Structures are given as structure tokens and as C-alpha cells.
$ cat coords-v1.csv   # CSV, C-alpha atoms
chain,number,residue,atom,x,y,z
A,132,MET,CA,-65.7,-162.1,136.4
A,133,LYS,CA,-64.2,-160.5,139.5
A,134,GLU,CA,-61.2,-158.2,139.2
A,135,LEU,CA,-58.6,-158.4,141.9
A,136,SER,CA,-56.0,-155.9,143.3
A,137,LEU,CA,-53.0,-157.3,145.0
A,138,CYS,CA,-52.0,-154.9,147.8
A,139,MET,CA,-48.7,-155.1,149.7
A,140,ILE,CA,-46.6,-153.0,152.1
A,141,VAL,CA,-42.8,-153.6,151.9
A,142,LYS,CA,-39.5,-152.5,153.2
A,143,ASN,CA,-36.1,-153.9,152.2
A,144,GLU,CA,-37.5,-157.1,150.8
A,145,GLU,CA,-35.1,-157.8,147.9
A,146,LYS,CA,-34.4,-161.3,149.1
A,147,CYS,CA,-37.9,-162.6,148.8
A,148,LEU,CA,-40.0,-160.1,146.9
A,149,GLU,CA,-39.6,-161.5,143.5
A,150,ASP,CA,-41.2,-164.9,144.5
A,151,VAL,CA,-44.4,-163.4,145.7
A,152,LEU,CA,-44.7,-160.9,142.8
A,153,LYS,CA,-44.3,-163.8,140.3
A,154,CYS,CA,-47.2,-165.5,142.0
A,155,GLY,CA,-49.3,-162.3,142.2
A,156,LYS,CA,-48.8,-161.6,138.5
A,157,GLN,CA,-50.7,-164.8,137.6
A,158,PHE,CA,-53.9,-163.9,139.4
A,159,ALA,CA,-54.0,-160.2,140.1
A,160,ASP,CA,-55.5,-157.6,137.7
A,161,GLU,CA,-53.6,-154.9,139.5
A,162,ILE,CA,-50.6,-154.8,141.8
A,163,VAL,CA,-50.3,-152.0,144.4
A,164,ILE,CA,-47.1,-151.7,146.4
A,165,VAL,CA,-46.5,-149.3,149.3
A,166,ASP,CA,-42.9,-148.9,150.3
A,167,THR,CA,-42.3,-147.8,153.9
A,168,GLY,CA,-38.6,-146.8,153.5
A,169,SER,CA,-36.6,-149.3,151.6
A,170,SER,CA,-32.8,-148.8,151.1
A,171,ASP,CA,-32.1,-151.9,149.1
A,172,ARG,CA,-33.2,-153.1,145.6
A,173,THR,CA,-36.9,-153.5,146.6
A,174,LYS,CA,-38.2,-150.7,144.4
A,175,GLU,CA,-36.1,-151.8,141.5
A,176,ILE,CA,-37.7,-155.3,141.7
A,177,VAL,CA,-41.2,-153.9,142.1
A,178,LYS,CA,-40.9,-151.8,138.9
A,179,LYS,CA,-40.6,-155.1,136.9
A,180,TYR,CA,-44.1,-156.0,137.9
A,181,THR,CA,-46.1,-152.8,138.4
A,182,LYS,CA,-46.0,-149.0,138.1
A,183,ASN,CA,-48.2,-148.6,141.1
A,184,ILE,CA,-45.5,-147.9,143.7
A,185,TYR,CA,-46.2,-145.5,146.5
A,186,ASP,CA,-44.0,-144.2,149.3
A,187,TYR,CA,-45.3,-144.1,152.9
A,188,VAL,CA,-43.6,-142.5,155.9
A,189,TRP,CA,-43.5,-145.1,158.6
A,190,ASP,CA,-45.4,-144.1,161.7
A,191,PHE,CA,-45.4,-147.3,163.9
A,192,ASP,CA,-48.7,-148.5,162.5
A,193,PHE,CA,-49.1,-151.3,160.1
A,194,SER,CA,-52.8,-150.9,159.8
A,195,LYS,CA,-52.5,-147.3,158.5
A,196,ALA,CA,-49.9,-148.4,156.0
A,197,ARG,CA,-52.1,-151.3,154.8
A,198,ASN,CA,-55.2,-149.0,154.6
A,199,PHE,CA,-53.1,-146.6,152.5
A,200,ALA,CA,-52.4,-149.4,150.1
A,201,PHE,CA,-56.1,-150.4,150.0
A,202,GLU,CA,-57.1,-146.8,149.2
A,203,LYS,CA,-54.9,-147.0,146.0
A,204,ALA,CA,-56.7,-150.2,144.8
A,205,THR,CA,-59.1,-149.7,141.9
A,206,LYS,CA,-60.5,-153.2,141.4
A,207,SER,CA,-63.7,-154.6,143.0
A,208,TYR,CA,-61.8,-157.0,145.3
A,209,ILE,CA,-58.5,-156.9,147.1
A,210,ILE,CA,-56.1,-159.6,148.1
A,211,TRP,CA,-53.3,-158.8,150.6
A,212,LEU,CA,-50.0,-160.6,150.8
A,213,ASP,CA,-46.7,-160.1,152.7
A,214,ALA,CA,-43.4,-160.0,150.9
A,215,ASP,CA,-42.4,-163.4,152.2
A,216,ASP,CA,-45.7,-165.1,151.3
A,217,ILE,CA,-46.1,-167.4,148.4
A,218,VAL,CA,-49.0,-169.0,146.6
A,219,LEU,CA,-48.4,-172.5,145.1
A,220,LYS,CA,-49.8,-173.6,141.8
A,221,ASP,CA,-52.9,-175.2,143.3
A,222,GLY,CA,-53.6,-171.9,145.2
A,223,ILE,CA,-53.2,-169.8,142.1
A,224,LYS,CA,-55.6,-172.1,140.2
A,225,ALA,CA,-58.1,-171.8,143.1
A,226,ILE,CA,-57.9,-168.0,143.0
A,227,LYS,CA,-58.6,-167.9,139.3
A,228,GLU,CA,-61.5,-170.3,139.7
A,229,TRP,CA,-62.9,-168.1,142.5
A,230,LYS,CA,-62.7,-165.0,140.3
A,231,LYS,CA,-65.0,-166.7,137.8
A,232,LYS,CA,-67.7,-167.4,140.3
A,233,GLU,CA,-70.7,-165.1,140.3
A,234,ASN,CA,-71.3,-165.1,144.1
A,235,ASP,CA,-71.3,-161.8,145.9
A,236,VAL,CA,-69.1,-162.6,148.9
A,237,ASP,CA,-67.7,-159.7,151.0
A,238,THR,CA,-65.0,-161.5,153.0
A,239,LEU,CA,-63.2,-164.6,151.9
A,240,MET,CA,-61.3,-166.5,154.6
A,241,CYS,CA,-58.4,-168.7,153.5
A,242,PRO,CA,-55.8,-170.9,155.3
A,243,TYR,CA,-52.6,-169.1,156.2
A,244,VAL,CA,-49.9,-171.7,156.4
A,245,THR,CA,-47.1,-170.6,158.6
A,246,GLY,CA,-45.5,-174.0,159.2
A,247,PHE,CA,-45.0,-176.7,156.6
A,248,ASP,CA,-42.6,-179.5,155.7
A,249,SER,CA,-40.2,-179.8,152.7
A,250,ASN,CA,-43.1,-180.9,150.5
A,251,PHE,CA,-45.2,-177.9,151.6
A,252,ASN,CA,-47.6,-180.1,153.6
A,253,PRO,CA,-49.1,-177.8,156.2
A,254,THR,CA,-48.1,-178.3,159.9
A,255,PHE,CA,-49.3,-175.0,161.4
A,256,MET,CA,-52.0,-172.8,160.0
A,257,PHE,CA,-55.0,-170.6,160.7
A,258,ASN,CA,-57.7,-168.9,158.7
A,259,ARG,CA,-57.3,-165.2,157.8
A,260,GLU,CA,-59.4,-162.7,156.0
A,261,ARG,CA,-57.5,-162.8,152.7
A,262,ILE,CA,-59.7,-161.6,149.8
A,263,LEU,CA,-62.0,-158.7,150.5
A,264,LYS,CA,-64.5,-156.6,148.7
A,265,ASN,CA,-63.1,-153.1,148.1
A,266,ILE,CA,-65.5,-151.3,150.4
A,267,PRO,CA,-64.9,-148.9,153.3
A,268,GLN,CA,-66.2,-151.4,155.9
A,269,LEU,CA,-63.3,-153.7,155.2
A,270,ARG,CA,-60.3,-151.9,156.5
A,271,TRP,CA,-57.4,-152.7,158.9
A,272,HIS,CA,-57.2,-151.8,162.6
A,273,ASP,CA,-54.5,-152.3,165.3
A,274,PRO,CA,-51.0,-150.9,164.8
A,275,VAL,CA,-49.4,-154.3,165.0
A,276,HIS,CA,-50.8,-157.8,164.4
A,277,GLU,CA,-53.2,-155.8,162.4
A,278,VAL,CA,-56.5,-157.4,161.4
A,279,ILE,CA,-59.7,-156.8,159.4
A,280,THR,CA,-62.9,-157.7,161.1
A,281,PRO,CA,-64.9,-160.0,158.7
A,282,TYR,CA,-67.9,-158.2,157.3
A,283,GLY,CA,-71.0,-159.0,155.3
A,284,ILE,CA,-71.2,-162.3,153.5
A,285,VAL,CA,-68.3,-164.4,154.8
A,286,GLU,CA,-67.1,-167.6,153.1
A,287,PHE,CA,-64.2,-170.0,153.6
A,288,ASN,CA,-62.1,-171.4,150.8
A,289,GLU,CA,-59.7,-174.1,151.9
A,290,LYS,CA,-58.2,-174.4,148.5
A,291,ILE,CA,-56.6,-170.9,148.5
A,292,LYS,CA,-53.7,-171.6,150.8
A,293,ILE,CA,-51.2,-168.8,151.4
A,294,TYR,CA,-47.8,-169.9,152.6
A,295,HIS,CA,-45.7,-167.7,154.8
A,296,ASN,CA,-42.3,-168.6,153.5
A,297,LYS,CA,-40.3,-166.6,156.1
A,298,LYS,CA,-36.6,-166.5,155.2
A,299,ASN,CA,-35.3,-165.0,158.5
A,300,LYS,CA,-36.5,-167.3,161.3
A,301,VAL,CA,-35.1,-165.1,164.0
A,302,HIS,CA,-37.8,-163.3,166.0
A,303,THR,CA,-37.0,-159.6,166.4
A,304,ASP,CA,-38.2,-156.9,168.8
A,305,ARG,CA,-39.9,-154.9,166.1
A,306,ASN,CA,-43.5,-155.7,167.2
A,307,LEU,CA,-42.6,-155.4,170.9
A,308,ASN,CA,-41.2,-151.9,170.2
A,309,ILE,CA,-44.5,-150.9,168.6
A,310,TYR,CA,-46.4,-152.0,171.7
A,311,LYS,CA,-44.0,-150.0,173.8
A,312,HIS,CA,-44.5,-147.0,171.6
A,313,MET,CA,-48.3,-147.4,172.1
A,314,ILE,CA,-47.8,-147.6,175.9
A,315,SER,CA,-45.6,-144.4,175.8
A,316,GLU,CA,-48.5,-142.7,173.9
A,317,GLY,CA,-50.9,-143.6,176.6
A,318,VAL,CA,-52.9,-146.2,174.6
A,319,THR,CA,-55.1,-148.5,176.6
A,320,PHE,CA,-54.9,-152.0,175.1
A,321,THR,CA,-57.9,-153.8,173.8
A,322,PRO,CA,-58.1,-157.5,174.9
A,323,ARG,CA,-56.7,-158.5,171.5
A,324,GLN,CA,-53.8,-156.1,171.8
A,325,GLN,CA,-53.2,-157.3,175.4
A,326,PHE,CA,-52.9,-160.9,174.2
A,327,TYR,CA,-50.4,-160.1,171.4
A,328,TYR,CA,-48.4,-157.8,173.7
A,329,ALA,CA,-48.0,-160.6,176.2
A,330,ARG,CA,-47.0,-163.0,173.4
A,331,GLU,CA,-44.4,-160.6,172.1
A,332,LEU,CA,-42.9,-160.4,175.6
A,333,TYR,CA,-42.8,-164.2,175.6
A,334,TYR,CA,-41.2,-164.4,172.2
A,335,ASN,CA,-38.5,-161.9,173.3
A,336,ASN,CA,-37.8,-164.0,176.4
A,337,LEU,CA,-39.1,-161.4,178.9
A,338,ILE,CA,-40.7,-164.3,180.8
A,339,ASP,CA,-41.8,-162.6,184.1
A,340,ASP,CA,-43.4,-159.7,182.2
A,341,ALA,CA,-45.1,-162.1,179.8
A,342,ILE,CA,-46.6,-164.1,182.7
A,343,HIS,CA,-48.0,-160.9,184.2
A,344,GLU,CA,-49.5,-159.7,180.9
A,345,PHE,CA,-51.0,-163.1,180.1
A,346,ALA,CA,-52.6,-163.2,183.5
A,347,VAL,CA,-54.1,-159.7,182.9
A,348,PHE,CA,-55.5,-161.0,179.6
A,349,LEU,CA,-56.9,-164.2,181.0
A,350,THR,CA,-58.5,-162.6,184.1
A,351,SER,CA,-60.4,-160.1,181.9
A,352,LYS,CA,-64.0,-161.0,180.9
A,353,ASP,CA,-63.4,-160.0,177.3
A,354,GLY,CA,-61.2,-161.5,174.7
A,355,TRP,CA,-61.6,-164.0,171.9
A,356,ILE,CA,-61.8,-167.6,173.0
A,357,GLU,CA,-59.1,-168.7,170.6
A,358,ASN,CA,-56.8,-166.1,172.0
A,359,LYS,CA,-57.6,-167.3,175.6
A,360,ILE,CA,-56.7,-170.9,174.7
A,361,GLU,CA,-53.5,-169.8,173.0
A,362,ALA,CA,-52.7,-167.6,176.1
A,363,CYS,CA,-53.0,-170.7,178.3
A,364,LEU,CA,-50.6,-172.6,176.1
A,365,ASN,CA,-48.1,-169.8,176.0
A,366,LEU,CA,-48.4,-169.1,179.7
A,367,SER,CA,-47.7,-172.8,180.4
A,368,LYS,CA,-44.5,-172.5,178.3
A,369,CYS,CA,-43.4,-169.5,180.3
A,370,TYR,CA,-43.8,-171.5,183.5
A,371,GLN,CA,-42.0,-174.4,182.0
A,372,ILE,CA,-39.0,-172.1,181.3
A,373,LYS,CA,-39.1,-171.2,185.0
A,374,LYS,CA,-39.4,-174.9,185.9
A,375,ASP,CA,-42.7,-174.4,187.7
A,376,THR,CA,-44.4,-177.6,186.6
A,377,ASP,CA,-47.5,-177.2,188.8
A,378,LYS,CA,-48.3,-173.8,187.3
A,379,ALA,CA,-47.5,-175.0,183.8
A,380,LEU,CA,-50.0,-177.8,184.1
A,381,THR,CA,-52.6,-175.5,185.8
A,382,SER,CA,-52.3,-173.1,182.8
A,383,LEU,CA,-53.0,-175.9,180.3
A,384,PHE,CA,-55.9,-177.3,182.3
A,385,GLY,CA,-57.3,-173.8,182.5
A,386,SER,CA,-57.9,-173.9,178.7
A,387,PHE,CA,-60.6,-176.5,179.2
A,388,VAL,CA,-62.8,-173.8,180.6
A,389,TYR,CA,-63.0,-172.2,177.1
A,390,SER,CA,-63.4,-175.2,174.8
A,391,ALA,CA,-63.1,-179.0,174.4
A,392,PRO,CA,-59.4,-180.0,174.8
A,393,ARG,CA,-57.3,-179.2,171.7
A,394,GLY,CA,-54.5,-181.4,170.4
A,395,GLU,CA,-52.0,-178.7,171.0
A,396,ILE,CA,-52.9,-178.6,174.7
A,397,LEU,CA,-53.1,-182.4,175.1
A,398,TYR,CA,-49.8,-182.9,173.5
A,399,GLU,CA,-48.2,-180.3,175.7
A,400,ILE,CA,-49.6,-181.9,178.8
A,401,GLY,CA,-48.1,-185.2,177.6
A,402,ASN,CA,-44.7,-183.5,177.2
A,403,ILE,CA,-44.7,-182.2,180.7
A,404,PHE,CA,-45.4,-185.7,182.1
A,405,PHE,CA,-42.8,-187.2,179.7
A,406,ASN,CA,-40.2,-184.8,181.0
A,407,LEU,CA,-41.1,-185.9,184.5
A,408,LYS,CA,-40.4,-189.5,183.4
A,409,ASN,CA,-44.0,-190.3,184.2
A,410,TYR,CA,-44.4,-192.2,180.9
A,411,LYS,CA,-47.7,-194.0,181.6
A,412,THR,CA,-49.4,-190.6,182.3
A,413,ALA,CA,-47.7,-189.1,179.2
A,414,ILE,CA,-49.1,-192.0,177.1
A,415,TYR,CA,-52.6,-191.2,178.3
A,416,TRP,CA,-52.4,-187.6,177.1
A,417,TYR,CA,-50.5,-188.4,173.9
A,418,ASN,CA,-53.3,-190.8,173.0
A,419,LEU,CA,-55.9,-188.2,173.6
A,420,ALA,CA,-54.0,-185.8,171.3
A,421,LEU,CA,-53.7,-188.5,168.6
A,422,ASN,CA,-57.5,-189.2,168.7
A,423,THR,CA,-58.6,-185.5,168.7
A,424,LYS,CA,-59.6,-184.0,165.4
A,425,PRO,CA,-58.4,-180.4,164.6
A,426,ASP,CA,-61.0,-177.8,163.9
A,427,ILE,CA,-59.5,-176.3,160.7
A,428,ASN,CA,-62.2,-173.7,160.2
A,429,GLY,CA,-62.6,-172.7,163.9
A,430,GLY,CA,-60.4,-169.6,163.4
A,431,GLY,CA,-57.7,-170.5,165.9
A,432,PHE,CA,-54.1,-171.4,165.5
A,433,VAL,CA,-53.9,-175.1,164.4
A,434,ASN,CA,-50.7,-177.1,164.8
A,435,LEU,CA,-51.6,-180.2,162.8
A,436,ASP,CA,-48.5,-182.1,164.0
A,437,CYS,CA,-49.9,-182.0,167.5
A,438,TYR,CA,-52.9,-184.1,166.3
A,439,GLU,CA,-50.9,-186.6,164.3
A,440,PHE,CA,-47.2,-187.0,163.9
A,441,LEU,CA,-45.8,-185.6,167.2
A,442,PRO,CA,-48.0,-187.6,169.6
A,443,ALA,CA,-47.4,-190.8,167.5
A,444,LEU,CA,-43.7,-190.2,167.7
A,445,GLN,CA,-43.8,-189.6,171.4
A,446,LEU,CA,-46.0,-192.7,172.0
A,447,CYS,CA,-43.3,-194.7,170.3
A,448,VAL,CA,-40.7,-193.4,172.7
A,449,SER,CA,-42.9,-193.6,175.8
A,450,TYR,CA,-43.8,-197.2,175.2
A,451,TYR,CA,-40.2,-198.0,174.7
A,452,ARG,CA,-39.3,-196.3,178.0
A,453,ILE,CA,-41.8,-198.6,179.9
A,454,GLY,CA,-40.5,-201.7,178.1
A,455,ASP,CA,-43.4,-202.3,175.7
A,456,LEU,CA,-41.5,-202.8,172.4
A,457,VAL,CA,-44.6,-204.1,170.5
A,458,LYS,CA,-46.6,-201.0,171.1
A,459,SER,CA,-43.5,-198.8,170.6
A,460,LYS,CA,-43.0,-200.4,167.1
A,461,CYS,CA,-46.7,-199.9,166.4
A,462,TYR,CA,-46.6,-196.2,167.0
A,463,HIS,CA,-43.3,-195.9,165.1
A,464,GLU,CA,-45.2,-197.3,162.1
A,465,ILE,CA,-48.0,-194.7,162.6
A,466,SER,CA,-45.5,-191.9,162.9
A,467,LYS,CA,-43.7,-193.2,159.7
A,468,GLY,CA,-47.0,-193.0,157.9
A,469,TYR,CA,-47.2,-189.3,158.6
A,470,LYS,CA,-43.6,-188.3,157.9
A,471,PRO,CA,-41.4,-191.2,156.5
A,472,ASN,CA,-38.5,-188.9,155.7
A,473,ASP,CA,-38.3,-187.2,159.1
A,474,ALA,CA,-34.9,-187.6,160.7
A,475,ARG,CA,-36.4,-188.9,164.0
A,476,VAL,CA,-38.5,-191.5,162.1
A,477,ILE,CA,-35.5,-192.7,160.1
A,478,TYR,CA,-33.5,-193.0,163.3
A,479,ASN,CA,-36.3,-195.1,164.9
A,480,GLU,CA,-36.5,-197.2,161.7
A,481,ILE,CA,-32.8,-198.1,161.9
A,482,PHE,CA,-33.2,-198.8,165.6
A,483,PHE,CA,-36.1,-201.3,165.1
A,484,ASN,CA,-34.4,-202.9,162.2
A,485,GLN,CA,-31.3,-203.6,164.3
A,486,LYS,CA,-33.5,-204.9,167.1
A,487,ASN,CA,-35.0,-207.5,164.7
A,488,LYS,CA,-31.6,-208.8,163.6
$ encode --input "coords-v1.csv" --output "C-alpha cells"
Amino acid sequence: MKELSLCMIVKNEEKCLEDVLKCGKQFADEIVIVDTGSSDRTKEIVKKYTKNIYDYVWDFDFSKARNFAFEKATKSYIIWLDADDIVLKDGIKAIKEWKKKENDVDTLMCPYVTGFDSNFNPTFMFNRERILKNIPQLRWHDPVHEVITPYGIVEFNEKIKIYHNKKNKVHTDRNLNIYKHMISEGVTFTPRQQFYYARELYYNNLIDDAIHEFAVFLTSKDGWIENKIEACLNLSKCYQIKKDTDKALTSLFGSFVYSAPRGEILYEIGNIFFNLKNYKTAIYWYNLALNTKPDINGGGFVNLDCYEFLPALQLCVSYYRIGDLVKSKCYHEISKGYKPNDARVIYNEIFFNQKNK
């Protein structure tokens, strides 16, 4: 049976830490916590679950802190979690089942669910290297948006879902400041770092700077295809903020160079035409999104709502706007099938019920 070390880095996480540690205690044979400078009750909470608490002087590098935690792990496999992650009962059961298997996997990829509804049904997720053999080849790199390059025998386990249950939804400039620190140190960004730097600029509403940096990334020959597609989507949103519709659409169409159209892209194109009140064209793109299947195991960011609920919802509205109440009602029923308790669906249900009186 495989033995598993849970490794975490934390700082001032008293509001959410207990939830993840309660989960971890159920599947981990060892818990290793690295604290990067807490001033709240974080350490007090940690002591209830493990004696393996280590201090680390923060040096603007998440990968170094995570590798420090990995070096303290003594079990044959390591699972990493953030303080605001949780594992539901089915995921805990799946981890326990995986530990019993005799396979010699090196890297286990699992869904990281960063968007979900009130019933924990995933709406946005992507695969991450989550459980790793405790060997030197599997270590972190990149100071921010840190990552481990999959190595050796790689497997996917869709049953082990990790939910990022972020309490504070406000985006901060923490990551952007790390990139600025790297720039001040004379670091030349890799393509991956370039993409995430541009995205942090966008998240911090530095739109002109973000447009420039996304363009630098997209014009380079290197870079992961999934990041290229995401960059096209983010660049389009930047241009939409600047109300430059032509460039917003051009950015989205540019993603077709890298892959077959994704639901996220098709839905966004539909939104642009919808906002232009070109409802018939919007309907065309929303239909394409609704009939496109997401590639869950492709490695990219997957917003499941863009393949199901959202285009159905918008088709309901779009057909109403062109006076086709029959099709509008039809797509209302489809959207209701996905999320019957969504406020927008409930509103539409009341609307159609009143129409039928």
C-alpha cells in the first residue's frame, strides 16, 4: 500500500486551514506544513493535526517554499494542497482506493475544480499534477504560478477532484508584485511566465500593459498551446474593455490557429454579437458552443458552463429578442435542465408561466 505525505505552505490561513486539514487527516500518512510568516492562529491550528511544522523565510518564490516542504516529506508519495483547498467525501474515498493499487505511477494528474455551484458541481476546472512520487525529478519551478513538469509514468484520475474553495474572491496584486520583483532582478521570462505575467496585468486592470504582454507571448514561437488559446480569450476581453470590437473578435478567431474551436471561445464570440444586438449571428455561435464537447483531459482550462448552461441560457434570450418564443422556451427548458435553481432560470420560468396565462 502506498504511503502519502500531505505537503502544504501556509501564511495567515486561520479562516480556512482547519477544513483542509480535516480532509488531509483522512488520507495522509504524514502532514508537513511550512509556514512562511503567519501572525494569526495558523500555527496553533496546525499543531492539532501534525508536529511537522517548519518555518520558512519568504523570498518571493513559491516554488522554493514548496520544494522545502517536499524535502521534509518522508513517505513514498506526496500530495500537495493549498490552505483553501478541500477534498469531498468521494475524493477522499478515491485517494484511499488509489493508495491500495499496486501500480508504479510517478505523476498522478487530477481535476482541480476552481469553479463550482452550490452543490459542488464543477463549472471550471483543469488537470494538475497532484500526487507525485517522492523523487528529485518531481520538484517545483517558477517563483509564481509554480508548476511541476510531469515525469515518468503519468496517469489521470478523474475521481480525485480537488476543490479550490477560495474564501476571499478579491484578486490581489501579490502575484503581480512577484513578477515585478523578477523583472527588477533582471529575469528573462520563459514563455509560460510571460503568459502568466500578462494575465496578472489583466486581472489587475492594467489593460494596456496586458495587451502588450499578451501580444509578446502570442507572437513568440514557443509556448504551450493551451496558454496560447487562453491568451487569445484574455486578450479579447482586454479589447472589449477598451470597446474595440474588431480587435476583440480578431483575438478570438486567432485561437482557431492552435486548435479546433473551444466552447469558451465560441461562447465569447456569441456574447460580442449579442452585445451588438446582432442576435441571429449570436445564435449561430451559441449553438456551436452548445454542441461542442469539452476536452476534460486536454490539460487546458475548461469552463464547463460555456459548453452547456450559458449558451442555452443565451439562446433562450436571443430567440426571444428576435421574436421566436417557441425556440426561446425550448432553450429555457434546456438551461433549466442544467441548473434549475439558478436565479436567471427561475426568472425565465416565471416569465414563461405568465406568458401562458
$ closest_residue --input "coords-v1.csv" --among "A:Met132, A:Glu260, A:Leu456, A:Cys447" --to "Asn479 in chain A" --atoms "all atoms listed in the file"
A:Cys447
$ residues_around --input "coords-v1.csv" --residues "range 222-225 of chain A" --least-positions-apart "6" --cutoff "7 Å" --atoms "only C-alpha atoms" --output "PyMOL selection string"
chain A and resi 158+290-292
$ closest_atom_pairs --input "coords-v1.csv" --of "range 266-347 of chain A" --to "range 370-386 of chain A" --cutoff "10 Å" --atoms "only C-alpha atoms" --output "Markdown table"
| residue | atom | partner | partner_atom | distance |
| --- | --- | --- | --- | --- |
| A:Asn336 | CA | A:Ile372 | CA | 9.5 |
| A:Ile338 | CA | A:Ile372 | CA | 8.0 |
| A:Asp339 | CA | A:Lys373 | CA | 9.1 |
| A:Ile342 | CA | A:Tyr370 | CA | 8.0 |
| A:Ala346 | CA | A:Ser382 | CA | 9.9 |
$ closest_residue --input "coords-v1.csv" --among "A:Lys408, A:Lys195, A:Arg330, A:His295" --to "Phe255 in chain A" --atoms "only C-alpha atoms"
A:His295
$ residues_around --input "coords-v1.csv" --residues "His463 in chain A" --least-positions-apart "3" --cutoff "12 Å" --atoms "all atoms listed in the file" --output "PyMOL selection string"
chain A and resi 440-451+456-460+466-471+473+475-484
$ atom_distance --input "coords-v1.csv" --atom1 "CA of Phe326 in chain A" --atom2 "CA of Arg259 in chain A"
17.5 Å
$ atom_distance --input "coords-v1.csv" --atom1 "CA of Phe201 in chain A" --atom2 "CA of Ser136 in chain A"
8.7 Å
$ residues_around --input "coords-v1.csv" --residues "Tyr334 in chain A" --least-positions-apart "6" --cutoff "9 Å" --atoms "only C-alpha atoms" --output "PyMOL selection string"
chain A and resi 302-304+341
$ closest_residue --input "coords-v1.csv" --among "A:Glu286, A:Asp426, A:Glu316, A:Glu161" --to "Met240 in chain A" --atoms "all atoms listed in the file"
A:Glu286
$ residues_around --input "coords-v1.csv" --residues "Thr181 in chain A" --least-positions-apart "5" --cutoff "10 Å" --atoms "all atoms listed in the file" --output "list in words"
Leu152, Lys156, Glu161, Ile162, Val163, Ile164 and Ile176 of chain A
$ atom_distance --input "coords-v1.csv" --atom1 "CA of Glu202 in chain A" --atom2 "CA of Trp189 in chain A"
16.6 Å
$ residues_around --input "coords-v1.csv" --residues "Pro281 in chain A" --least-positions-apart "2" --cutoff "7 Å" --atoms "all atoms listed in the file" --output "list in words"
Thr238, Glu260, Ile279 and Val285 of chain A
$ residues_near_point --input "coords-v1.csv" --point "(-43.7, -144.9, 150.1)" --cutoff "8 Å" --atoms "all atoms listed in the file" --output "list in words"
Val165, Asp166, Thr167, Gly168, Ile184, Tyr185, Asp186, Tyr187 and Val188 of chain A
$ closest_residue --input "coords-v1.csv" --among "A:Leu332, A:Glu439, A:Lys146, A:Ser351" --to "Leu366 in chain A" --atoms "all atoms listed in the file"
A:Leu332
$ residues_near_point --input "coords-v1.csv" --point "(-52.8, -149.4, 165.9)" --cutoff "12 Å" --atoms "only C-alpha atoms" --output "PyMOL selection string"
chain A and resi 190-198+271-278+306+309-314+316+318-321+323-324
$ decode --input "coords-v1.csv" --residues "range 275-286 of chain A" --atoms "N, CA and C atoms" --output "JSON list (two decimals), in the first residue's frame"
[["chain", "number", "residue", "atom", "x", "y", "z"],
["A", 275, "VAL", "N", 6.22, 32.05, -9.22],
["A", 275, "VAL", "CA", 4.78, 32.25, -9.03],
["A", 275, "VAL", "C", 4.05, 31.49, -10.13],
["A", 276, "HIS", "N", 2.80, 31.09, -9.86],
["A", 276, "HIS", "CA", 2.11, 30.13, -10.72],
["A", 276, "HIS", "C", 3.03, 28.92, -10.93],
["A", 277, "GLU", "N", 3.58, 28.50, -9.83],
["A", 277, "GLU", "CA", 4.57, 27.43, -9.83],
["A", 277, "GLU", "C", 3.97, 26.12, -10.34],
["A", 278, "VAL", "N", 4.82, 25.27, -10.86],
["A", 278, "VAL", "CA", 4.35, 24.07, -11.53],
["A", 278, "VAL", "C", 5.40, 22.97, -11.39],
["A", 279, "ILE", "N", 4.95, 21.73, -11.50],
["A", 279, "ILE", "CA", 5.84, 20.57, -11.58],
["A", 279, "ILE", "C", 5.64, 19.96, -12.96],
["A", 280, "THR", "N", 6.69, 19.78, -13.70],
["A", 280, "THR", "CA", 6.60, 19.15, -15.01],
["A", 280, "THR", "C", 6.37, 17.66, -14.83],
["A", 281, "PRO", "N", 5.26, 17.11, -15.36],
["A", 281, "PRO", "CA", 5.00, 15.67, -15.21],
["A", 281, "PRO", "C", 6.18, 14.84, -15.71],
["A", 282, "TYR", "N", 6.46, 13.77, -14.97],
["A", 282, "TYR", "CA", 7.64, 12.97, -15.25],
["A", 282, "TYR", "C", 7.28, 11.49, -15.10],
["A", 283, "GLY", "N", 7.98, 10.66, -15.90],
["A", 283, "GLY", "CA", 7.84, 9.21, -15.75],
["A", 283, "GLY", "C", 6.49, 8.70, -16.21],
["A", 284, "ILE", "N", 5.94, 7.76, -15.46],
["A", 284, "ILE", "CA", 4.63, 7.19, -15.78],
["A", 284, "ILE", "C", 3.55, 8.15, -15.29],
["A", 285, "VAL", "N", 2.79, 8.70, -16.23],
["A", 285, "VAL", "CA", 1.78, 9.71, -15.91],
["A", 285, "VAL", "C", 0.39, 9.09, -16.08],
["A", 286, "GLU", "N", -0.45, 9.25, -15.09],
["A", 286, "GLU", "CA", -1.82, 8.77, -15.16],
["A", 286, "GLU", "C", -2.79, 9.88, -14.79]]
